Amino acid sequence: MKVRSRKVVPTDVYLSFVSSLFENRNTLFTGMVVHILTFLAIYSKSGDAFYLALCAGFVIVFANRIYWFSRFEQTDKLQLTRSEIRLWERRYVLGAASTAAILGTGSGYAIFVLQDSFAELAAIAVTMASMVSVVGRNYGSRLAVDLQTLACCLPMVIGSLLAQDFYKALLSLMLIPFGLTTRAMANGVREFLYANVIASQEMEKIAGRFDTALTNMTHGLVMLDPHNRIEVINRKACELLHLGDRKRLTNCDLDVVLRYGVRHTFVDGSMPSLIQKQLAQLIDGSTSRAVMQFSEDLILEFSASRRPEGGVVLIFEDVTARIRADRKILHMVRYDSLTGLPQRAYFCDLVKDKVAQQEDLGQVGFMVLDVDEFKHVNDMKGHITGDRLLVAIANRLLELAAGEAIVGHFVGDQFVLFFPGREGELDLDTRMRSIHERIAGSYEVEGLHIAVTFSAGCVILDSAEFRMEEWQIKADLALYEAKSRSRGRLVFFAEEMDARYVERQRLKTDLRVAVDAGDISVAYQPMFKPDGSALECCEALARWTHPEKGAIPPNVFIQVAEEMGIVSEITRQVIMKACRDCMAWPEHISVSVNLSMQDLRNELIIDTVTSVLAETGLAPGRLHLEVTESSLIEELSTVRLILEQLRGYGITIAIDDFGTGFSSLSYLDTLPVDVVKIDRSFVRNICEDVRRLNLLRGIVTLSRGLNLQIVVEGVETREQLALLIKYNCADLIQGYVYSTPIPSSEIEELSRLAESKQFEARTYVA
Ligand code: C2E
Ligand code: MG
Ligand code: MG
């Protein structure tokens with residue numbers, strides 16, 4: 001960098017140059033002593049008092065310069081402005097140029113006036129020596145160099161020229177290039193130093209910035225040399241690795257430093273081998289990223305980049321929160337939050353892994369366990385108890401299946417188990433049955449003892465034929481079969497179930513077509529006064545005649561419709577037909593329509609009923625609605641609200657199949673119910689078994705106590721009828737003893753016959 005003008009020199013550099021002028025008072029003193037001695041010597045040789053005057057000049061100038069030197073020393077340099085610095089430079093230049101002028105004058109005088117060879121030699125020598133020192137000490141000021149050179153040389157040139165001596169004139173001319181060279185040298189030194197000062201300033205600035213950047217990095221950084229010694233380490237790295245003062249770590253071995261940090265802070269004992277291995281891999285370049293767990297509370301993610309000159313730069317950050325969140329999310333995705341068991345997707349992964357790990361697993365088993373009547377627990381004991389029961393079941397399952405099977409939890413009250421086949425052990429069948437047997441039993445939940453049974457669907461397959469979805473379908477089919485039989489059953493999948501499943505799917509398709517076409521017809525089963533003297537009400541029973549299979553029992557197709565979610569449409573059609581038909585019957589006859597559980601799940605049924613009543617014009621008092629006990633327990637509060645509203649319109653509510661569900665006389669009085677229809681299972685043996693009769697009478701007494709009207713269903717024989725009449729067990733009788741379900745058109749005739757006493761039990765069959 002060329003220093004063309006002082007203006008371009010930054011103030012701090014300018015100050016450092018000017019400061020350099022005021023350094024080293026000793027040389028100033030030495031110079032002054034030499035100058036005086038020389039001039040005294042000339043005086044003693046020549047006797048010319050002019051030199052004594054010049055000596056006095058030296059002393060005065062020296063005193064003056066020393067005064068300014070000490071003043072400068074006392075000045076607070078950092079406070080100096082540029083013009084003040086310039087003033088100091090000028091003060092210096094004045095002193096230096098004065099000394100040079102005295103020297104130059106002494107030399108010029110010796111050449112021109114004394115013309116004594118000693119005097120000339122001594123004066124010129126000391127002047128030239130001073131000139132040389134000009135470069136060494138005055139390079140910082142161009143003005144000082146220029147003026148000193150001029151002040152030294154000019155008197156000598158003038159003296160030489162005035163002496164009118166050819167050789168002296170020649171010498172004087174030589175002084176010009178000498179002066180110029182001196183000046184150029186001083187400038188060269190100044191420029192060189194200036195460039196260096198600027199460069200080192202730049203470097204300092206860059207180093208400062210680099211240090212600030214390192215210190216403020218949110219990441220930890222360690223730069224290692226090829227021998228794994230720390231060259232650079234930033235503050236964050238020390239913080240994260242629990243290390244002390246970073247300045248002390250330079251040149252230390254990373255491994256040793258980490259051991260120190262690890263031992264004294266966050267991990268007890270030696271550095272875990274996994275971390276060591278991961279670090280080694282990062283350093284040797286076999287991996288470029290690694291997540292290292294130093295402790296429960298410290299997980300760092302490292303990335304490494306190799307340096308071209310050897311060594312490596314490690315950058316790392318604290319990812320504890322992120323990794324924890326990731327793990328939490330993963331856990332939430334994988335495991336059921338209630339039971340802590342693997343959910344469907346993760347369970348499938350575990351099974352797939354197991355199958356992949358052991359190629360020859362042989363036969364493997366898959367079991368779906370379903371808690372029997374879990375809804376009942378939920379509804380009767382509350383959801384919290386239900387949840388706790390599931391947790392208790394999950395825990396017991398885990399205990400029982402430890403080392404035996406992989407356990408998962410898919411939905412609600414269903415658990416799944418995968419049994420890998422193992423040689424030399426009990427066969428899968430026995431192992432599965434054993435778990436099914438042992439999981440059933442009494443569970444203590446919140447101080448309650450709940451007896452739990454499980455329906456189980458199982459399938460045993462060859463692991464080579466592993467197809468998760470297929471297994472699930474097969475186990476589900478077996479479970480379906482188990483549940484349709486009785487509680488607590490375990491059923492193994494059999495091929496015919498598949499056929500039944502396919503059959504059922506077909507039935508579903510056909511049912512949808514029939515419902516859409518309005519092909520569901522209705523038959524009516526009358527209810528008579530026990531003595532048969534009056535037909536009071538008719539139960540509407542849905543009928544479906546399949547084009548190929550003929551009549552399908554309502555028990556079957558209603559359940560299918562429920563599975564398909566279209567039962568409410570059937571209900572709507574039946575209510576519509578029943579109300580229309582009832583309008584055609586004598587006014588005292590009511591019609592009773594069955595509602596499905598699903599009808600009571602939302603308030604749409606209210607709209608259906610009211611719009612049908614409005615459309616057909618049937619008096620609400622002539623419409624009865626039958627609900628089963630099981631539909632009452634599901635969502636009890638919603639059902640209660642719906643029934644209350646319907647009853648509010650004047651509709652009669654009957655409990656159907658009473659006694660078959662969770663006979664809960666306890667809640668019967670709290671429900672908006674008018675009629676109880678005692679299930680035919682209570683009638684079946686009353687003639688043969690007196691205890692059955694007593695049971696029936698007990699139910700009747702209780703129901704009467706609650707002011708409920710009693711319909712006894714399924715009365716088939718005159719004997720049963722006679723007993724029911726004898727013990728006054730029924731307000732109405734419904735059963736084959738009087739009539740099977742018949743078409744609507746026959747109701748009026750039947751009613752007429754009853755009233756005219758021409759109708760007898762067992763006389764009317766459609
Ligand atoms: P439920 O409501 O208890 O209807 C009485 C069932 O008992 C009828 O069977 C009827 O034919 C039969 N039954 C009547 N008297 C006797 C008897 O003396 N002995 C014997 N063994 N059976 C008798 P069905 O018509 O096959 O209906 C079966 C069930 O299907 C009904 O039981 C009812 O729960 C359901 N269901 C029928 N129609 C509908 C409907 O439109 N909607 C709904 N949700 N369910 C319906
Ligand atoms: Mg019924
Ligand atoms: Mg019934």
# chains A, B, ... in the order shown; residues from 1 in each chain; ligands from 1

call {"tool": "residues_near_ligand", "arguments": {"ligand": "ligand 3", "cutoff": "7 Å", "atoms": "only C-alpha atoms and all ligand atoms", "output": "list of chain:residue names"}}
result
A:Asp656, A:Asp657, A:Lys677, A:Asp679, A:Glu713

call {"tool": "residues_around", "arguments": {"residues": "Leu154 (chain A)", "least_positions_apart": "5", "cutoff": "9 Å", "atoms": "only C-alpha atoms", "output": "PyMOL selection string"}}
result
chain A and resi 101+104-105+108+149+159+172+175-176

call {"tool": "write_last_selection", "arguments": {"atoms": "N, CA and C atoms", "output": "short mmCIF file (atom, residue, chain, number, x, y, z; two decimals), in the first residue's frame"}}
result
data_model
loop_
_atom_site.label_atom_id
_atom_site.label_comp_id
_atom_site.auth_asym_id
_atom_site.auth_seq_id
_atom_site.Cartn_x
_atom_site.Cartn_y
_atom_site.Cartn_z
N ALA A 101 19.68 21.74 10.93
CA ALA A 101 20.11 23.03 10.38
C ALA A 101 21.42 23.46 11.05
N GLY A 104 24.08 21.26 9.57
CA GLY A 104 24.33 21.67 8.18
C GLY A 104 25.12 22.98 8.16
N THR A 105 24.73 23.93 9.04
CA THR A 105 25.38 25.24 9.08
C THR A 105 26.85 25.06 9.49
N GLY A 108 28.63 23.65 6.43
CA GLY A 108 28.77 24.66 5.37
C GLY A 108 29.82 25.69 5.77
N THR A 149 16.73 16.61 5.87
CA THR A 149 17.64 16.42 4.74
C THR A 149 18.05 17.78 4.14
N GLY A 159 27.78 26.29 1.05
CA GLY A 159 29.18 26.49 1.45
C GLY A 159 30.13 26.01 0.36
N SER A 172 29.27 19.04 -3.55
CA SER A 172 27.94 19.59 -3.22
C SER A 172 26.87 19.01 -4.13
N LEU A 175 25.69 15.73 -3.03
CA LEU A 175 24.79 15.73 -1.87
C LEU A 175 23.31 15.66 -2.29
N ILE A 176 23.03 16.14 -3.50
CA ILE A 176 21.63 16.15 -3.94
C ILE A 176 21.08 14.72 -4.06
#

call {"tool": "closest_residue", "arguments": {"among": "A:Met217, A:Leu15, A:Val612, A:Ala654", "to": "Val627 (chain A)", "atoms": "only C-alpha atoms"}}
result
A:Ala654

call {"tool": "closest_residue", "arguments": {"among": "A:Tyr92, A:Tyr335, A:Phe419, A:Tyr736", "to": "ligand 1", "atoms": "only C-alpha atoms and all ligand atoms"}}
result
A:Tyr736

call {"tool": "residues_near_ligand", "arguments": {"ligand": "ligand 2", "cutoff": "7 Å", "atoms": "only C-alpha atoms and all ligand atoms", "output": "VMD selection string"}}
result
chain A and resid 539 594 626 656

call {"tool": "select_by_dssp", "arguments": {"residues": "region 339-480 of chain A", "states": "strand (DSSP E or B)", "output": "PyMOL selection string"}}
result
chain A and resi 342+363-371+406-409+414-419+441-445+448-452+454-462

call {"tool": "write_last_selection", "arguments": {"atoms": "N, CA and C atoms", "output": "short mmCIF file (atom, residue, chain, number, x, y, z; two decimals), in the first residue's frame"}}
result
data_model
loop_
_atom_site.label_atom_id
_atom_site.label_comp_id
_atom_site.auth_asym_id
_atom_site.auth_seq_id
_atom_site.Cartn_x
_atom_site.Cartn_y
_atom_site.Cartn_z
N PRO A 342 -48.30 -51.97 22.01
CA PRO A 342 -48.14 -51.52 20.62
C PRO A 342 -49.50 -51.38 19.92
N GLN A 363 -44.84 -73.00 12.13
CA GLN A 363 -46.22 -72.57 12.36
C GLN A 363 -46.23 -71.38 13.32
N VAL A 364 -47.06 -70.42 13.02
CA VAL A 364 -47.21 -69.28 13.92
C VAL A 364 -48.68 -69.06 14.20
N GLY A 365 -48.97 -68.46 15.33
CA GLY A 365 -50.38 -68.27 15.72
C GLY A 365 -50.71 -66.81 15.92
N PHE A 366 -51.96 -66.50 15.70
CA PHE A 366 -52.44 -65.12 15.82
C PHE A 366 -53.77 -65.19 16.54
N MET A 367 -53.90 -64.43 17.61
CA MET A 367 -55.14 -64.52 18.40
C MET A 367 -55.70 -63.12 18.66
N VAL A 368 -56.99 -62.96 18.44
CA VAL A 368 -57.66 -61.70 18.78
C VAL A 368 -58.53 -61.97 19.99
N LEU A 369 -58.30 -61.19 21.05
CA LEU A 369 -59.08 -61.37 22.28
C LEU A 369 -60.04 -60.21 22.43
N ASP A 370 -61.27 -60.51 22.70
CA ASP A 370 -62.27 -59.44 22.84
C ASP A 370 -62.92 -59.59 24.22
N VAL A 371 -62.92 -58.50 24.98
CA VAL A 371 -63.52 -58.55 26.31
C VAL A 371 -65.04 -58.67 26.16
N ILE A 406 -46.12 -61.76 21.17
CA ILE A 406 -46.09 -60.29 21.08
C ILE A 406 -47.53 -59.83 21.30
N VAL A 407 -47.69 -58.85 22.20
CA VAL A 407 -49.05 -58.41 22.53
C VAL A 407 -49.29 -57.01 21.96
N GLY A 408 -50.48 -56.80 21.41
CA GLY A 408 -50.83 -55.48 20.89
C GLY A 408 -52.25 -55.13 21.25
N HIS A 409 -52.58 -53.84 21.05
CA HIS A 409 -53.94 -53.38 21.36
C HIS A 409 -54.42 -52.57 20.17
N GLN A 414 -60.26 -54.79 22.29
CA GLN A 414 -59.65 -55.93 21.58
C GLN A 414 -58.13 -55.95 21.71
N PHE A 415 -57.61 -57.10 22.07
CA PHE A 415 -56.16 -57.29 22.18
C PHE A 415 -55.74 -58.33 21.15
N VAL A 416 -54.51 -58.18 20.66
CA VAL A 416 -54.03 -59.15 19.68
C VAL A 416 -52.73 -59.77 20.15
N LEU A 417 -52.55 -61.03 19.84
CA LEU A 417 -51.31 -61.71 20.23
C LEU A 417 -50.76 -62.48 19.05
N PHE A 418 -49.45 -62.37 18.88
CA PHE A 418 -48.77 -63.14 17.83
C PHE A 418 -47.87 -64.15 18.52
N PHE A 419 -48.07 -65.42 18.18
CA PHE A 419 -47.29 -66.51 18.79
C PHE A 419 -46.30 -67.06 17.78
N GLY A 441 -61.03 -64.14 34.30
CA GLY A 441 -61.05 -64.23 35.76
C GLY A 441 -61.47 -62.92 36.38
N SER A 442 -61.15 -62.77 37.63
CA SER A 442 -61.60 -61.59 38.36
C SER A 442 -60.51 -60.53 38.33
N TYR A 443 -60.92 -59.31 38.05
CA TYR A 443 -59.98 -58.19 38.03
C TYR A 443 -60.41 -57.19 39.10
N GLU A 444 -59.43 -56.76 39.86
CA GLU A 444 -59.77 -55.78 40.89
C GLU A 444 -59.47 -54.39 40.35
N VAL A 445 -60.51 -53.62 40.20
CA VAL A 445 -60.34 -52.27 39.68
C VAL A 445 -61.05 -51.31 40.61
N LEU A 448 -63.34 -52.63 43.06
CA LEU A 448 -64.43 -53.50 42.57
C LEU A 448 -63.81 -54.79 42.04
N HIS A 449 -64.52 -55.88 42.21
CA HIS A 449 -64.06 -57.12 41.61
C HIS A 449 -64.92 -57.37 40.37
N ILE A 450 -64.29 -57.34 39.22
CA ILE A 450 -65.05 -57.50 37.98
C ILE A 450 -64.65 -58.84 37.34
N ALA A 451 -65.68 -59.66 37.10
CA ALA A 451 -65.41 -60.94 36.45
C ALA A 451 -65.39 -60.72 34.95
N VAL A 452 -64.30 -61.12 34.32
CA VAL A 452 -64.16 -60.85 32.88
C VAL A 452 -63.92 -62.15 32.12
N PHE A 454 -63.39 -63.64 27.95
CA PHE A 454 -62.91 -63.15 26.66
C PHE A 454 -63.37 -64.07 25.54
N SER A 455 -63.83 -63.47 24.45
CA SER A 455 -64.05 -64.26 23.24
C SER A 455 -62.75 -64.20 22.47
N ALA A 456 -62.37 -65.32 21.89
CA ALA A 456 -61.09 -65.33 21.18
C ALA A 456 -61.24 -65.94 19.80
N GLY A 457 -60.63 -65.25 18.83
CA GLY A 457 -60.56 -65.78 17.47
C GLY A 457 -59.09 -66.09 17.18
N CYS A 458 -58.83 -67.33 16.77
CA CYS A 458 -57.43 -67.71 16.57
C CYS A 458 -57.22 -68.25 15.16
N VAL A 459 -55.98 -68.11 14.72
CA VAL A 459 -55.63 -68.72 13.45
C VAL A 459 -54.18 -69.21 13.55
N ILE A 460 -53.97 -70.41 12.99
CA ILE A 460 -52.60 -70.95 12.97
C ILE A 460 -52.21 -71.12 11.51
N LEU A 461 -51.06 -70.58 11.17
CA LEU A 461 -50.64 -70.59 9.77
C LEU A 461 -49.15 -70.89 9.67
N ASP A 462 -48.73 -71.17 8.46
CA ASP A 462 -47.31 -71.35 8.25
C ASP A 462 -46.68 -69.97 8.05
#

call {"tool": "atom_distance", "arguments": {"atom1": "CA of Val313 (chain A)", "atom2": "CA of Leu274 (chain A)"}}
result
20.3 Å

call {"tool": "closest_residue", "arguments": {"among": "A:Phe759, A:Tyr67, A:Trp544, A:Phe316", "to": "ligand 1", "atoms": "only C-alpha atoms and all ligand atoms"}}
result
A:Trp544

call {"tool": "atom_distance", "arguments": {"atom1": "CA of Ala722 (chain A)", "atom2": "CA of Pro530 (chain A)"}}
result
8.9 Å

call {"tool": "residues_around", "arguments": {"residues": "Ile642 (chain A)", "least_positions_apart": "4", "cutoff": "8 Å", "atoms": "only C-alpha atoms", "output": "PyMOL selection string"}}
result
chain A and resi 600+602-603+606+638+646

call {"tool": "select_by_dssp", "arguments": {"residues": "region 92-279 of chain A", "states": "helix (DSSP H, G or I)", "output": "PyMOL selection string"}}
result
chain A and resi 92-114+117-138+142-162+166-216+235-240+246-249+254-264+273-279

call {"tool": "write_last_selection", "arguments": {"atoms": "C-alpha atoms", "output": "short mmCIF file (atom, residue, chain, number, x, y, z; two decimals), in the first residue's frame"}}
result
data_model
loop_
_atom_site.label_atom_id
_atom_site.label_comp_id
_atom_site.auth_asym_id
_atom_site.auth_seq_id
_atom_site.Cartn_x
_atom_site.Cartn_y
_atom_site.Cartn_z
CA TYR A 92 8.98 17.28 16.56
CA VAL A 93 9.92 18.35 13.04
CA LEU A 94 10.84 21.81 14.29
CA GLY A 95 13.28 20.32 16.85
CA ALA A 96 14.72 17.77 14.43
CA ALA A 97 15.03 20.25 11.56
CA SER A 98 16.71 22.81 13.93
CA THR A 99 19.33 20.23 14.96
CA ALA A 100 19.87 19.35 11.29
CA ALA A 101 20.11 23.03 10.38
CA ILE A 102 22.79 23.60 13.08
CA LEU A 103 24.71 20.58 11.81
CA GLY A 104 24.33 21.67 8.18
CA THR A 105 25.38 25.24 9.08
CA GLY A 106 28.45 23.93 10.97
CA SER A 107 29.44 21.87 7.91
CA GLY A 108 28.77 24.66 5.37
CA TYR A 109 30.73 27.11 7.56
CA ALA A 110 33.67 24.68 7.80
CA ILE A 111 33.74 24.26 3.99
CA PHE A 112 33.36 27.91 3.07
CA VAL A 113 34.83 29.91 5.99
CA LEU A 114 37.33 27.72 7.90
CA SER A 117 40.41 19.87 6.49
CA PHE A 118 39.79 18.53 10.06
CA ALA A 119 36.94 20.90 10.61
CA GLU A 120 35.41 20.02 7.26
CA LEU A 121 35.83 16.29 7.81
CA ALA A 122 34.51 16.33 11.38
CA ALA A 123 31.52 18.56 10.58
CA ILE A 124 30.55 16.70 7.41
CA ALA A 125 31.06 13.29 9.05
CA VAL A 126 28.83 14.10 12.01
CA THR A 127 26.24 15.66 9.69
CA MET A 128 26.25 12.65 7.41
CA ALA A 129 25.95 10.31 10.41
CA SER A 130 22.92 12.28 11.56
CA MET A 131 21.51 12.06 8.06
CA VAL A 132 21.75 8.29 8.23
CA SER A 133 19.94 8.26 11.53
CA VAL A 134 17.21 10.36 9.91
CA VAL A 135 15.96 7.28 8.14
CA GLY A 136 16.13 5.15 11.24
CA ARG A 137 14.23 7.40 13.57
CA ASN A 138 12.29 9.85 11.46
CA ARG A 142 7.78 12.71 5.71
CA LEU A 143 8.06 16.39 6.72
CA ALA A 144 10.74 15.58 9.29
CA VAL A 145 12.77 13.66 6.73
CA ASP A 146 12.39 16.32 4.08
CA LEU A 147 13.22 19.23 6.32
CA GLN A 148 16.13 17.50 8.03
CA THR A 149 17.64 16.42 4.74
CA LEU A 150 17.23 19.91 3.40
CA ALA A 151 18.54 21.53 6.57
CA CYS A 152 21.64 19.30 6.56
CA CYS A 153 22.45 19.44 2.88
CA LEU A 154 21.53 22.97 1.87
CA PRO A 155 24.16 24.81 3.97
CA MET A 156 26.79 22.31 2.82
CA VAL A 157 25.83 22.85 -0.84
CA ILE A 158 25.82 26.60 -0.40
CA GLY A 159 29.18 26.49 1.45
CA SER A 160 30.70 24.27 -1.25
CA LEU A 161 29.47 26.48 -4.05
CA LEU A 162 30.61 29.68 -2.34
CA PHE A 166 35.64 22.65 -8.45
CA TYR A 167 35.89 19.55 -6.32
CA LYS A 168 33.88 20.99 -3.50
CA ALA A 169 31.27 22.03 -6.04
CA LEU A 170 31.30 18.47 -7.30
CA LEU A 171 30.85 17.22 -3.73
CA SER A 172 27.94 19.59 -3.22
CA LEU A 173 26.26 18.22 -6.31
CA MET A 174 26.71 14.67 -4.92
CA LEU A 175 24.79 15.73 -1.87
CA ILE A 176 21.63 16.15 -3.94
CA PRO A 177 21.25 12.46 -4.88
CA PHE A 178 22.36 11.58 -1.36
CA GLY A 179 19.57 13.70 0.09
CA LEU A 180 17.05 12.33 -2.34
CA THR A 181 18.11 8.76 -1.59
CA THR A 182 17.82 9.35 2.15
CA ARG A 183 14.39 10.74 1.60
CA ALA A 184 13.37 7.79 -0.59
CA MET A 185 14.70 5.32 1.92
CA ALA A 186 12.76 6.92 4.75
CA ASN A 187 9.63 6.92 2.62
CA GLY A 188 10.24 3.26 1.73
CA VAL A 189 10.57 2.31 5.38
CA ARG A 190 7.45 4.28 6.22
CA GLU A 191 5.42 2.72 3.45
CA PHE A 192 6.62 -0.75 4.32
CA LEU A 193 5.73 -0.27 7.96
CA TYR A 194 2.45 1.32 7.03
CA ALA A 195 1.51 -1.67 4.90
CA ASN A 196 2.43 -4.00 7.75
CA VAL A 197 0.57 -2.02 10.34
CA ILE A 198 -2.52 -2.00 8.14
CA ALA A 199 -2.17 -5.72 7.42
CA SER A 200 -1.77 -6.63 11.07
CA GLN A 201 -4.68 -4.37 11.92
CA GLU A 202 -6.75 -6.14 9.28
CA MET A 203 -5.70 -9.48 10.65
CA GLU A 204 -6.57 -8.40 14.17
CA LYS A 205 -9.94 -7.24 12.92
CA ILE A 206 -10.56 -10.53 11.12
CA ALA A 207 -9.37 -12.54 14.10
CA GLY A 208 -11.67 -10.45 16.33
CA ARG A 209 -14.61 -11.05 14.05
CA PHE A 210 -13.80 -14.72 13.82
CA ASP A 211 -13.57 -14.91 17.59
CA THR A 212 -16.88 -13.07 18.01
CA ALA A 213 -18.51 -15.41 15.51
CA LEU A 214 -17.12 -18.46 17.29
CA THR A 215 -18.09 -17.18 20.70
CA ASN A 216 -21.61 -16.37 19.64
CA ARG A 235 -17.40 -21.24 24.19
CA LYS A 236 -20.54 -23.19 23.30
CA ALA A 237 -18.53 -26.38 22.89
CA CYS A 238 -17.11 -25.95 26.39
CA GLU A 239 -20.58 -25.30 27.76
CA LEU A 240 -22.14 -28.31 26.04
CA ARG A 246 -11.38 -22.93 26.59
CA LYS A 247 -8.00 -21.20 26.37
CA ARG A 248 -6.48 -24.00 28.44
CA LEU A 249 -7.81 -26.62 26.06
CA LEU A 254 -9.77 -34.30 22.40
CA ASP A 255 -10.12 -37.74 23.85
CA VAL A 256 -8.45 -36.71 27.09
CA VAL A 257 -10.47 -33.50 27.28
CA LEU A 258 -13.73 -35.35 26.79
CA ARG A 259 -12.84 -37.95 29.38
CA TYR A 260 -12.10 -35.15 31.78
CA GLY A 261 -15.41 -33.41 31.05
CA VAL A 262 -17.32 -36.65 31.11
CA ARG A 263 -15.79 -37.91 34.31
CA HIS A 264 -16.28 -34.75 36.25
CA SER A 273 -17.85 -47.01 24.57
CA LEU A 274 -20.64 -46.12 22.14
CA ILE A 275 -19.77 -42.43 22.30
CA GLN A 276 -16.10 -43.24 21.85
CA LYS A 277 -16.89 -45.37 18.84
CA GLN A 278 -19.13 -42.72 17.31
CA LEU A 279 -16.45 -40.06 17.79
#

call {"tool": "residues_around", "arguments": {"residues": "Thr38 (chain A)", "least_positions_apart": "2", "cutoff": "10 Å", "atoms": "only C-alpha atoms", "output": "tab-separated table (two decimals) with N, CA and C atoms, in the first residue's frame"}}
result
chain	number	residue	atom	x	y	z
A	32	MET	N	23.17	14.56	20.69
A	32	MET	CA	23.50	15.92	21.11
A	32	MET	C	24.94	15.98	21.67
A	33	VAL	N	25.30	14.97	22.50
A	33	VAL	CA	26.65	14.94	23.09
A	33	VAL	C	27.70	14.85	21.98
A	34	VAL	N	27.46	13.92	21.01
A	34	VAL	CA	28.41	13.75	19.91
A	34	VAL	C	28.55	15.04	19.12
A	35	HIS	N	27.40	15.67	18.81
A	35	HIS	CA	27.42	16.93	18.03
A	35	HIS	C	28.25	17.99	18.76
A	36	ILE	N	28.00	18.11	20.09
A	36	ILE	CA	28.69	19.17	20.84
A	36	ILE	C	30.20	18.89	20.90
A	40	LEU	N	33.02	21.17	19.54
A	40	LEU	CA	34.03	21.69	20.47
A	40	LEU	C	35.43	21.38	19.94
A	41	ALA	N	35.55	20.17	19.36
A	41	ALA	CA	36.85	19.78	18.81
A	41	ALA	C	37.23	20.74	17.68
A	42	ILE	N	36.27	21.06	16.83
A	42	ILE	CA	36.55	21.99	15.72
A	42	ILE	C	36.95	23.35	16.29
A	43	TYR	N	36.22	23.77	17.35
A	43	TYR	CA	36.54	25.07	17.98
A	43	TYR	C	37.96	25.05	18.50
A	44	SER	N	38.31	23.90	19.18
A	44	SER	CA	39.65	23.89	19.78
A	44	SER	C	40.72	23.91	18.69
A	51	TYR	N	31.57	28.03	16.52
A	51	TYR	CA	31.19	26.66	16.86
A	51	TYR	C	30.69	26.55	18.30
A	55	CYS	N	27.28	25.11	19.50
A	55	CYS	CA	27.09	24.17	20.63
A	55	CYS	C	25.96	24.63	21.52
A	119	ALA	N	38.27	20.35	10.31
A	119	ALA	CA	36.94	20.90	10.61
A	119	ALA	C	35.93	20.42	9.59
A	122	ALA	N	35.29	16.62	10.16
A	122	ALA	CA	34.51	16.33	11.38
A	122	ALA	C	33.07	16.79	11.23
A	123	ALA	N	32.90	18.02	10.69
A	123	ALA	CA	31.52	18.56	10.58
A	123	ALA	C	30.70	17.74	9.60
A	125	ALA	N	31.28	14.67	8.58
A	125	ALA	CA	31.06	13.29	9.05
A	125	ALA	C	29.89	13.23	10.03
A	126	VAL	N	29.90	14.17	11.01
A	126	VAL	CA	28.83	14.10	12.01
A	126	VAL	C	27.47	14.45	11.38

call {"tool": "residues_around", "arguments": {"residues": "Thr717 (chain A)", "least_positions_apart": "3", "cutoff": "7 Å", "atoms": "only C-alpha atoms", "output": "NGL selection string"}}
result
:A and (720-721 or 737)

call {"tool": "write_last_selection", "arguments": {"atoms": "N, CA and C atoms", "output": "JSON list (two decimals), in the first residue's frame"}}
result
[["chain", "number", "residue", "atom", "x", "y", "z"],
["A", 720, "GLN", "N", -99.76, -73.28, 29.31],
["A", 720, "GLN", "CA", -99.02, -72.06, 29.72],
["A", 720, "GLN", "C", -100.00, -70.93, 29.94],
["A", 721, "LEU", "N", -100.94, -70.79, 28.98],
["A", 721, "LEU", "CA", -101.93, -69.72, 29.06],
["A", 721, "LEU", "C", -102.74, -69.82, 30.34],
["A", 737, "VAL", "N", -100.00, -69.43, 20.79],
["A", 737, "VAL", "CA", -101.23, -69.96, 21.37],
["A", 737, "VAL", "C", -102.45, -69.23, 20.80]]

call {"tool": "closest_residue", "arguments": {"among": "A:Trp88, A:Phe682, A:Tyr139, A:Phe294", "to": "ligand 1", "atoms": "only C-alpha atoms and all ligand atoms"}}
result
A:Phe682

call {"tool": "residues_around", "arguments": {"residues": "Met576 (chain A)", "least_positions_apart": "3", "cutoff": "12 Å", "atoms": "only C-alpha atoms", "output": "ChimeraX atom specification"}}
result
/A:518,520-522,540,542,569-573,579-583,591-593,608-618,623

call {"tool": "write_last_selection", "arguments": {"atoms": "C-alpha atoms", "output": "compact mmCIF listing (two decimals), in the first residue's frame"}}
result
# COMPACT_ATOMS: atom_id res chain seq x y z
CA GLY A 518 -88.72 -50.99 -0.35
CA ILE A 520 -89.09 -55.22 3.33
CA SER A 521 -92.63 -56.20 4.20
CA VAL A 522 -94.32 -56.31 7.59
CA ALA A 540 -94.99 -55.20 13.51
CA ALA A 542 -90.13 -57.08 9.46
CA GLU A 569 -83.85 -47.06 7.08
CA ILE A 570 -85.60 -50.39 7.74
CA THR A 571 -87.05 -48.93 10.94
CA ARG A 572 -88.36 -45.96 9.00
CA GLN A 573 -90.00 -48.16 6.38
CA CYS A 579 -98.77 -46.71 10.96
CA ARG A 580 -100.52 -46.83 7.58
CA ASP A 581 -101.83 -50.36 8.29
CA CYS A 582 -102.89 -49.44 11.81
CA MET A 583 -105.00 -46.60 10.38
CA VAL A 591 -99.31 -51.09 16.62
CA SER A 592 -95.96 -51.88 18.21
CA VAL A 593 -92.75 -51.35 16.26
CA THR A 608 -88.79 -40.09 11.72
CA VAL A 609 -91.58 -40.91 14.14
CA THR A 610 -93.14 -37.45 14.17
CA SER A 611 -93.03 -37.10 10.40
CA VAL A 612 -94.59 -40.56 9.90
CA LEU A 613 -97.33 -39.78 12.41
CA ALA A 614 -97.98 -36.50 10.67
CA GLU A 615 -98.02 -38.12 7.24
CA THR A 616 -100.27 -41.05 8.15
CA GLY A 617 -102.43 -39.21 10.64
CA LEU A 618 -102.16 -41.98 13.24
CA LEU A 623 -98.08 -46.27 18.41
